[in-house]
$ cat run-v7.cif   # mmCIF, C-alpha atoms; chains and numbers go by the auth columns
data_entry
#
loop_
_atom_site.group_PDB
_atom_site.id
_atom_site.type_symbol
_atom_site.label_atom_id
_atom_site.label_comp_id
_atom_site.label_asym_id
_atom_site.label_seq_id
_atom_site.Cartn_x
_atom_site.Cartn_y
_atom_site.Cartn_z
_atom_site.B_iso_or_equiv
_atom_site.auth_seq_id
_atom_site.auth_asym_id
ATOM 1 C CA MET A 1 -31.340 -5.883 -19.780 0.00 1 D
ATOM 2 C CA ALA A 2 -32.672 -9.224 -18.611 0.00 2 D
ATOM 3 C CA PHE A 3 -30.692 -12.375 -19.270 0.00 3 D
ATOM 4 C CA SER A 4 -32.032 -15.904 -19.637 0.00 4 D
ATOM 5 C CA ARG A 5 -30.656 -19.338 -18.866 0.00 5 D
ATOM 6 C CA GLY A 6 -27.941 -20.193 -21.392 0.00 6 D
ATOM 7 C CA ASP A 7 -27.047 -16.587 -22.272 0.00 7 D
ATOM 8 C CA LYS A 8 -23.322 -15.989 -22.748 0.00 8 D
ATOM 9 C CA VAL A 9 -22.248 -13.043 -20.594 0.00 9 D
ATOM 10 C CA GLU A 10 -19.261 -11.369 -19.004 0.00 10 D
ATOM 11 C CA VAL A 11 -19.114 -10.660 -15.291 0.00 11 D
ATOM 12 C CA CYS A 12 -17.489 -7.345 -14.370 0.00 12 D
ATOM 13 C CA SER A 13 -15.727 -7.919 -11.090 0.00 13 D
ATOM 14 C CA LYS A 14 -16.168 -5.312 -8.384 0.00 14 D
ATOM 15 C CA GLN A 15 -13.988 -7.176 -5.874 0.00 15 D
ATOM 16 C CA GLU A 16 -10.840 -5.461 -4.632 0.00 16 D
ATOM 17 C CA GLY A 17 -7.866 -6.572 -6.708 0.00 17 D
ATOM 18 C CA PHE A 18 -10.114 -7.535 -9.631 0.00 18 D
ATOM 19 C CA VAL A 19 -11.749 -4.179 -10.486 0.00 19 D
ATOM 20 C CA GLY A 20 -11.643 -3.583 -14.225 0.00 20 D
ATOM 21 C CA SER A 21 -11.686 -7.254 -15.146 0.00 21 D
ATOM 22 C CA TYR A 22 -14.311 -9.226 -17.047 0.00 22 D
ATOM 23 C CA TYR A 23 -14.869 -12.994 -16.923 0.00 23 D
ATOM 24 C CA ALA A 24 -16.758 -15.114 -19.463 0.00 24 D
ATOM 25 C CA ALA A 25 -19.744 -16.970 -17.998 0.00 25 D
ATOM 26 C CA THR A 26 -23.084 -18.524 -18.855 0.00 26 D
ATOM 27 C CA VAL A 27 -26.329 -17.644 -17.062 0.00 27 D
ATOM 28 C CA ILE A 28 -27.783 -20.697 -15.336 0.00 28 D
ATOM 29 C CA LYS A 29 -30.614 -19.027 -13.378 0.00 29 D
ATOM 30 C CA ASN A 30 -32.343 -15.630 -13.299 0.00 30 D
ATOM 31 C CA TYR A 31 -33.395 -14.465 -9.805 0.00 31 D
ATOM 32 C CA GLY A 32 -34.580 -11.022 -10.924 0.00 32 D
ATOM 33 C CA ASN A 33 -31.905 -8.598 -9.674 0.00 33 D
ATOM 34 C CA GLU A 34 -29.334 -11.395 -9.398 0.00 34 D
ATOM 35 C CA TYR A 35 -28.163 -14.218 -11.605 0.00 35 D
ATOM 36 C CA ALA A 36 -26.458 -17.556 -11.014 0.00 36 D
ATOM 37 C CA VAL A 37 -23.598 -17.871 -13.512 0.00 37 D
ATOM 38 C CA GLN A 38 -21.152 -20.611 -14.395 0.00 38 D
ATOM 39 C CA TYR A 39 -17.737 -19.285 -15.353 0.00 39 D
ATOM 40 C CA LYS A 40 -15.979 -20.469 -18.484 0.00 40 D
ATOM 41 C CA ASN A 41 -12.397 -20.201 -17.133 0.00 41 D
ATOM 42 C CA LEU A 42 -12.727 -20.018 -13.339 0.00 42 D
ATOM 43 C CA VAL A 43 -12.958 -23.139 -11.176 0.00 43 D
ATOM 44 C CA ALA A 44 -14.435 -23.869 -7.752 0.00 44 D
ATOM 45 C CA GLU A 45 -11.948 -23.508 -4.886 0.00 45 D
ATOM 46 C CA ASP A 46 -13.029 -26.753 -3.225 0.00 46 D
ATOM 47 C CA ASP A 47 -12.966 -28.829 -6.455 0.00 47 D
ATOM 48 C CA GLN A 48 -10.810 -27.461 -9.249 0.00 48 D
ATOM 49 C CA SER A 49 -12.292 -29.948 -11.708 0.00 49 D
ATOM 50 C CA ARG A 50 -15.639 -28.067 -11.534 0.00 50 D
ATOM 51 C CA PRO A 51 -16.402 -24.659 -13.067 0.00 51 D
ATOM 52 C CA LEU A 52 -17.075 -21.931 -10.505 0.00 52 D
ATOM 53 C CA ILE A 53 -20.777 -21.147 -10.039 0.00 53 D
ATOM 54 C CA GLU A 54 -21.600 -17.856 -8.346 0.00 54 D
ATOM 55 C CA THR A 55 -24.543 -15.522 -7.797 0.00 55 D
ATOM 56 C CA VAL A 56 -23.879 -11.985 -9.023 0.00 56 D
ATOM 57 C CA SER A 57 -25.959 -8.820 -9.163 0.00 57 D
ATOM 58 C CA ALA A 58 -27.536 -7.760 -12.451 0.00 58 D
ATOM 59 C CA ASN A 59 -25.349 -4.643 -12.622 0.00 59 D
ATOM 60 C CA GLU A 60 -22.230 -6.843 -12.816 0.00 60 D
ATOM 61 C CA LEU A 61 -23.371 -8.540 -16.051 0.00 61 D
ATOM 62 C CA ARG A 62 -23.176 -7.589 -19.672 0.00 62 D
ATOM 63 C CA PRO A 63 -23.518 -9.605 -22.880 0.00 63 D
ATOM 64 C CA ARG A 64 -20.258 -10.930 -24.297 0.00 64 D
ATOM 65 C CA PRO A 65 -18.908 -8.269 -26.635 0.00 65 D
ATOM 66 C CA PRO A 66 -18.811 -8.952 -30.369 0.00 66 D
ATOM 67 C CA LYS A 67 -15.531 -10.177 -31.790 0.00 67 D
ATOM 68 C CA VAL A 68 -13.780 -7.197 -33.355 0.00 68 D
ATOM 69 C CA LEU A 69 -10.896 -7.767 -35.750 0.00 69 D
ATOM 70 C CA ALA A 70 -8.065 -5.529 -34.643 0.00 70 D
ATOM 71 C CA THR A 71 -5.075 -5.364 -36.957 0.00 71 D
ATOM 72 C CA GLY A 72 -3.149 -2.995 -34.727 0.00 72 D
ATOM 73 C CA PHE A 73 -3.378 -0.509 -31.900 0.00 73 D
ATOM 74 C CA HIS A 74 -2.159 3.005 -31.232 0.00 74 D
ATOM 75 C CA ALA A 75 -0.810 4.720 -28.126 0.00 75 D
ATOM 76 C CA LEU A 76 -3.527 5.312 -25.512 0.00 76 D
ATOM 77 C CA ASP A 77 -6.084 3.040 -27.216 0.00 77 D
ATOM 78 C CA VAL A 78 -8.264 1.483 -24.521 0.00 78 D
ATOM 79 C CA VAL A 79 -8.032 -2.299 -24.765 0.00 79 D
ATOM 80 C CA ASP A 80 -8.864 -5.473 -22.876 0.00 80 D
ATOM 81 C CA ALA A 81 -5.924 -7.803 -22.254 0.00 81 D
ATOM 82 C CA PHE A 82 -6.578 -11.492 -21.550 0.00 82 D
ATOM 83 C CA ASP A 83 -4.643 -12.474 -18.411 0.00 83 D
ATOM 84 C CA ASN A 84 -5.337 -14.600 -15.323 0.00 84 D
ATOM 85 C CA ASP A 85 -8.476 -16.143 -16.902 0.00 85 D
ATOM 86 C CA GLY A 86 -10.165 -12.802 -17.587 0.00 86 D
ATOM 87 C CA TRP A 87 -10.136 -9.603 -19.628 0.00 87 D
ATOM 88 C CA TRP A 88 -8.492 -6.588 -17.933 0.00 88 D
ATOM 89 C CA VAL A 89 -9.035 -2.978 -19.063 0.00 89 D
ATOM 90 C CA GLY A 90 -5.895 -1.002 -19.843 0.00 90 D
ATOM 91 C CA LYS A 91 -4.351 1.440 -22.328 0.00 91 D
ATOM 92 C CA ILE A 92 -1.764 0.813 -25.011 0.00 92 D
ATOM 93 C CA SER A 93 1.446 2.423 -23.792 0.00 93 D
ATOM 94 C CA GLY A 94 3.849 1.231 -26.496 0.00 94 D
ATOM 95 C CA ARG A 95 4.747 -1.393 -29.047 0.00 95 D
ATOM 96 C CA LYS A 96 7.083 -4.347 -28.572 0.00 96 D
ATOM 97 C CA GLY A 97 8.313 -5.869 -31.806 0.00 97 D
ATOM 98 C CA SER A 98 5.931 -6.599 -34.663 0.00 98 D
ATOM 99 C CA ASP A 99 3.120 -8.381 -32.791 0.00 99 D
ATOM 100 C CA SER A 100 3.146 -7.296 -29.151 0.00 100 D
ATOM 101 C CA TYR A 101 2.103 -4.209 -27.219 0.00 101 D
ATOM 102 C CA TYR A 102 2.705 -2.789 -23.770 0.00 102 D
ATOM 103 C CA VAL A 103 -0.499 -2.220 -21.830 0.00 103 D
ATOM 104 C CA PHE A 104 -0.666 0.088 -18.816 0.00 104 D
ATOM 105 C CA PHE A 105 -3.291 -0.628 -16.169 0.00 105 D
ATOM 106 C CA ASP A 106 -4.245 2.630 -14.432 0.00 106 D
ATOM 107 C CA ALA A 107 -5.977 0.876 -11.542 0.00 107 D
ATOM 108 C CA TYR A 108 -2.800 -0.990 -10.581 0.00 108 D
ATOM 109 C CA GLY A 109 0.019 1.212 -11.915 0.00 109 D
ATOM 110 C CA VAL A 110 1.493 -1.723 -13.870 0.00 110 D
ATOM 111 C CA GLU A 111 2.682 -2.076 -17.466 0.00 111 D
ATOM 112 C CA ILE A 112 2.741 -5.557 -19.073 0.00 112 D
ATOM 113 C CA SER A 113 3.559 -6.774 -22.595 0.00 113 D
ATOM 114 C CA TYR A 114 0.960 -8.852 -24.501 0.00 114 D
ATOM 115 C CA PRO A 115 0.880 -10.431 -27.954 0.00 115 D
ATOM 116 C CA THR A 116 -1.812 -8.997 -30.216 0.00 116 D
ATOM 117 C CA SER A 117 -3.728 -12.294 -29.919 0.00 117 D
ATOM 118 C CA CYS A 118 -4.385 -11.518 -26.221 0.00 118 D
ATOM 119 C CA LEU A 119 -5.789 -8.035 -26.886 0.00 119 D
ATOM 120 C CA ARG A 120 -9.152 -6.724 -28.027 0.00 120 D
ATOM 121 C CA PRO A 121 -10.555 -3.191 -28.349 0.00 121 D
ATOM 122 C CA HIS A 122 -12.412 -2.277 -25.152 0.00 122 D
ATOM 123 C CA LEU A 123 -16.152 -1.826 -25.600 0.00 123 D
ATOM 124 C CA GLU A 124 -18.672 -0.557 -23.054 0.00 124 D
ATOM 125 C CA TRP A 125 -22.280 -1.773 -22.876 0.00 125 D
ATOM 126 C CA VAL A 126 -24.286 1.489 -22.703 0.00 126 D
ATOM 127 C CA ASN A 127 -28.088 1.644 -22.974 0.00 127 D
ATOM 128 C CA GLY A 128 -28.258 -1.682 -24.773 0.00 128 D
ATOM 129 C CA LYS A 129 -25.528 -0.880 -27.319 0.00 129 D
ATOM 130 C CA TRP A 130 -21.800 -1.498 -27.631 0.00 130 D
ATOM 131 C CA VAL A 131 -19.798 1.739 -27.557 0.00 131 D
ATOM 132 C CA SER A 132 -16.112 2.096 -28.402 0.00 132 D
ATOM 133 C CA SER A 133 -13.891 3.621 -25.710 0.00 133 D
ATOM 134 C CA LYS A 134 -11.857 5.681 -28.180 0.00 134 D
#
$ encode --input "run-v7.cif" --output "structure tokens"
Amino acid sequence: MAFSRGDKVEVCSKQEGFVGSYYAATVIKNYGNEYAVQYKNLVAEDDQSRPLIETVSANELRPRPPKVLATGFHALDVVDAFDNDGWWVGKISGRKGSDSYYVFFDAYGVEISYPTSCLRPHLEWVNGKWVSSK
């Protein structure tokens, strides 16, 4: 899928320590197999008042997923948890109270509690369509 200037996307990080995380960005230039993006929540290291701009390969981009209303989750549901300025893929491992869930991150062997407001169902972009991970 080709993206154009102004398209809202998510960048899937392939960097060690960030695998399985997605960051909201806007395309600012299309170079063919690479894109310049400006991140929504990440800032430049040398000037933290400026959004981070980075060139990423086309295979690291996907459109921003649609907003899906989730009223609750079940054990082992695959979800994205918003943490450290990005969305991280994990699995529901338990419930905490009436509005929080424990999420286990296989890639890091860590379990963290999140309020429902910081969770969304995980969707994969496959052949130009959103597919549920259930």
$ closest_residue --input "run-v7.cif" --among "D:Ala70, D:Val27, D:Leu119, D:Ala44" --to "Lys91 (chain D)" --atoms "all atoms listed in the file"
D:Leu119
$ resolve_selection --input "run-v7.cif" --expression "the PyMOL selection byres ((chain D and resi 88) around 12)" --output "JSON, numbers by chain"
{"D": [10, 11, 12, 13, 17, 18, 19, 20, 21, 22, 23, 24, 78, 79, 80, 81, 82, 83, 84, 85, 86, 87, 89, 90, 91, 103, 104, 105, 106, 107, 108, 110, 112, 114, 118, 119, 120, 121, 122, 123]}
$ residues_near_point --input "run-v7.cif" --point "(-27.0, -22.8, -17.9)" --cutoff "8 Å" --atoms "all atoms listed in the file" --output "ChimeraX atom specification"
/D:5-7,26-29,37-38
$ closest_residue --input "run-v7.cif" --among "D:Trp125, D:Phe73, D:Phe3, D:Tyr101" --to "Ala36 (chain D)" --atoms "all atoms listed in the file"
D:Phe3
$ residues_around --input "run-v7.cif" --residues "Leu52 (chain D)" --least-positions-apart "2" --cutoff "7 Å" --atoms "only C-alpha atoms" --output "list in words"
Gln38, Tyr39, Leu42, Val43, Ala44, Arg50 and Glu54 of chain D
$ atom_distance --input "run-v7.cif" --atom1 "CA of Glu34 (chain D)" --atom2 "CA of Thr55 (chain D)"
6.5 Å
$ decode --input "run-v7.cif" --residues "region 63-75 of chain D" --atoms "all heavy atoms" --output "PDB file, in the first residue's frame"
ATOM      1  N   PRO D  63      -1.682   1.739   8.025  1.00  0.00           N
ATOM      2  CA  PRO D  63      -2.612   2.813   8.361  1.00  0.00           C
ATOM      3  C   PRO D  63      -2.927   2.747   9.857  1.00  0.00           C
ATOM      4  O   PRO D  63      -2.755   1.689  10.486  1.00  0.00           O
ATOM      5  CB  PRO D  63      -3.874   2.484   7.561  1.00  0.00           C
ATOM      6  CG  PRO D  63      -3.489   1.431   6.597  1.00  0.00           C
ATOM      7  CD  PRO D  63      -2.263   0.765   7.118  1.00  0.00           C
ATOM      8  N   ARG D  64      -3.385   3.844  10.431  1.00  0.00           N
ATOM      9  CA  ARG D  64      -3.841   3.769  11.820  1.00  0.00           C
ATOM     10  C   ARG D  64      -5.082   2.896  11.857  1.00  0.00           C
ATOM     11  O   ARG D  64      -5.958   3.029  11.012  1.00  0.00           O
ATOM     12  CB  ARG D  64      -4.155   5.155  12.376  1.00  0.00           C
ATOM     13  CG  ARG D  64      -2.908   5.937  12.656  1.00  0.00           C
ATOM     14  CD  ARG D  64      -3.168   7.108  13.574  1.00  0.00           C
ATOM     15  NE  ARG D  64      -2.013   8.009  13.517  1.00  0.00           N
ATOM     16  CZ  ARG D  64      -2.067   9.274  13.865  1.00  0.00           C
ATOM     17  NH1 ARG D  64      -3.182   9.809  14.310  1.00  0.00           N
ATOM     18  NH2 ARG D  64      -0.985  10.018  13.783  1.00  0.00           N
ATOM     19  N   PRO D  65      -5.144   1.990  12.833  1.00  0.00           N
ATOM     20  CA  PRO D  65      -6.309   1.100  12.892  1.00  0.00           C
ATOM     21  C   PRO D  65      -7.575   1.871  13.243  1.00  0.00           C
ATOM     22  O   PRO D  65      -7.510   2.926  13.873  1.00  0.00           O
ATOM     23  CB  PRO D  65      -5.941   0.092  13.978  1.00  0.00           C
ATOM     24  CG  PRO D  65      -4.850   0.705  14.754  1.00  0.00           C
ATOM     25  CD  PRO D  65      -4.172   1.701  13.873  1.00  0.00           C
ATOM     26  N   PRO D  66      -8.727   1.335  12.860  1.00  0.00           N
ATOM     27  CA  PRO D  66      -9.985   1.993  13.223  1.00  0.00           C
ATOM     28  C   PRO D  66     -10.184   1.925  14.735  1.00  0.00           C
ATOM     29  O   PRO D  66      -9.686   1.005  15.396  1.00  0.00           O
ATOM     30  CB  PRO D  66     -11.045   1.162  12.494  1.00  0.00           C
ATOM     31  CG  PRO D  66     -10.415  -0.176  12.298  1.00  0.00           C
ATOM     32  CD  PRO D  66      -8.940   0.086  12.140  1.00  0.00           C
ATOM     33  N   LYS D  67     -10.893   2.892  15.263  1.00  0.00           N
ATOM     34  CA  LYS D  67     -11.223   2.849  16.689  1.00  0.00           C
ATOM     35  C   LYS D  67     -12.281   1.780  16.882  1.00  0.00           C
ATOM     36  O   LYS D  67     -13.305   1.773  16.199  1.00  0.00           O
ATOM     37  CB  LYS D  67     -11.721   4.201  17.167  1.00  0.00           C
ATOM     38  CG  LYS D  67     -10.644   5.265  17.149  1.00  0.00           C
ATOM     39  CD  LYS D  67     -11.111   6.525  17.849  1.00  0.00           C
ATOM     40  CE  LYS D  67     -10.122   7.650  17.699  1.00  0.00           C
ATOM     41  NZ  LYS D  67      -8.897   7.512  18.385  1.00  0.00           N
ATOM     42  N   VAL D  68     -12.009   0.857  17.802  1.00  0.00           N
ATOM     43  CA  VAL D  68     -12.930  -0.238  18.086  1.00  0.00           C
ATOM     44  C   VAL D  68     -13.373  -0.099  19.536  1.00  0.00           C
ATOM     45  O   VAL D  68     -12.531  -0.047  20.437  1.00  0.00           O
ATOM     46  CB  VAL D  68     -12.247  -1.611  17.872  1.00  0.00           C
ATOM     47  CG1 VAL D  68     -13.181  -2.743  18.246  1.00  0.00           C
ATOM     48  CG2 VAL D  68     -11.762  -1.750  16.442  1.00  0.00           C
ATOM     49  N   LEU D  69     -14.671  -0.022  19.756  1.00  0.00           N
ATOM     50  CA  LEU D  69     -15.196   0.082  21.110  1.00  0.00           C
ATOM     51  C   LEU D  69     -15.090  -1.278  21.776  1.00  0.00           C
ATOM     52  O   LEU D  69     -15.686  -2.254  21.316  1.00  0.00           O
ATOM     53  CB  LEU D  69     -16.654   0.557  21.085  1.00  0.00           C
ATOM     54  CG  LEU D  69     -17.314   0.682  22.443  1.00  0.00           C
ATOM     55  CD1 LEU D  69     -16.580   1.710  23.313  1.00  0.00           C
ATOM     56  CD2 LEU D  69     -18.767   1.067  22.280  1.00  0.00           C
ATOM     57  N   ALA D  70     -14.318  -1.336  22.837  1.00  0.00           N
ATOM     58  CA  ALA D  70     -14.157  -2.583  23.573  1.00  0.00           C
ATOM     59  C   ALA D  70     -14.739  -2.377  24.968  1.00  0.00           C
ATOM     60  O   ALA D  70     -14.291  -1.516  25.715  1.00  0.00           O
ATOM     61  CB  ALA D  70     -12.691  -2.973  23.657  1.00  0.00           C
ATOM     62  N   THR D  71     -15.750  -3.153  25.296  1.00  0.00           N
ATOM     63  CA  THR D  71     -16.386  -3.007  26.601  1.00  0.00           C
ATOM     64  C   THR D  71     -15.760  -3.935  27.631  1.00  0.00           C
ATOM     65  O   THR D  71     -16.025  -3.813  28.816  1.00  0.00           O
ATOM     66  CB  THR D  71     -17.890  -3.294  26.500  1.00  0.00           C
ATOM     67  OG1 THR D  71     -18.066  -4.593  25.927  1.00  0.00           O
ATOM     68  CG2 THR D  71     -18.574  -2.252  25.624  1.00  0.00           C
ATOM     69  N   GLY D  72     -14.933  -4.834  27.191  1.00  0.00           N
ATOM     70  CA  GLY D  72     -14.263  -5.749  28.107  1.00  0.00           C
ATOM     71  C   GLY D  72     -13.403  -6.723  27.332  1.00  0.00           C
ATOM     72  O   GLY D  72     -13.511  -6.830  26.113  1.00  0.00           O
ATOM     73  N   PHE D  73     -12.527  -7.395  28.053  1.00  0.00           N
ATOM     74  CA  PHE D  73     -11.616  -8.351  27.441  1.00  0.00           C
ATOM     75  C   PHE D  73     -11.680  -9.669  28.196  1.00  0.00           C
ATOM     76  O   PHE D  73     -12.139  -9.723  29.335  1.00  0.00           O
ATOM     77  CB  PHE D  73     -10.178  -7.807  27.463  1.00  0.00           C
ATOM     78  CG  PHE D  73     -10.004  -6.530  26.696  1.00  0.00           C
ATOM     79  CD1 PHE D  73      -9.995  -5.303  27.339  1.00  0.00           C
ATOM     80  CD2 PHE D  73      -9.859  -6.550  25.321  1.00  0.00           C
ATOM     81  CE1 PHE D  73      -9.840  -4.124  26.638  1.00  0.00           C
ATOM     82  CE2 PHE D  73      -9.715  -5.380  24.597  1.00  0.00           C
ATOM     83  CZ  PHE D  73      -9.698  -4.159  25.260  1.00  0.00           C
ATOM     84  N   HIS D  74     -11.198 -10.705  27.549  1.00  0.00           N
ATOM     85  CA  HIS D  74     -11.147 -12.032  28.154  1.00  0.00           C
ATOM     86  C   HIS D  74      -9.706 -12.528  28.192  1.00  0.00           C
ATOM     87  O   HIS D  74      -8.857 -12.037  27.442  1.00  0.00           O
ATOM     88  CB  HIS D  74     -12.010 -13.010  27.339  1.00  0.00           C
ATOM     89  CG  HIS D  74     -13.443 -12.624  27.300  1.00  0.00           C
ATOM     90  ND1 HIS D  74     -13.963 -11.805  26.333  1.00  0.00           N
ATOM     91  CD2 HIS D  74     -14.467 -12.910  28.139  1.00  0.00           C
ATOM     92  CE1 HIS D  74     -15.244 -11.613  26.555  1.00  0.00           C
ATOM     93  NE2 HIS D  74     -15.577 -12.268  27.648  1.00  0.00           N
ATOM     94  N   ALA D  75      -9.462 -13.520  29.021  1.00  0.00           N
ATOM     95  CA  ALA D  75      -8.123 -14.104  29.142  1.00  0.00           C
ATOM     96  C   ALA D  75      -7.612 -14.516  27.771  1.00  0.00           C
ATOM     97  O   ALA D  75      -8.360 -15.083  26.966  1.00  0.00           O
ATOM     98  CB  ALA D  75      -8.143 -15.297  30.083  1.00  0.00           C
TER      99      ALA D  75
END
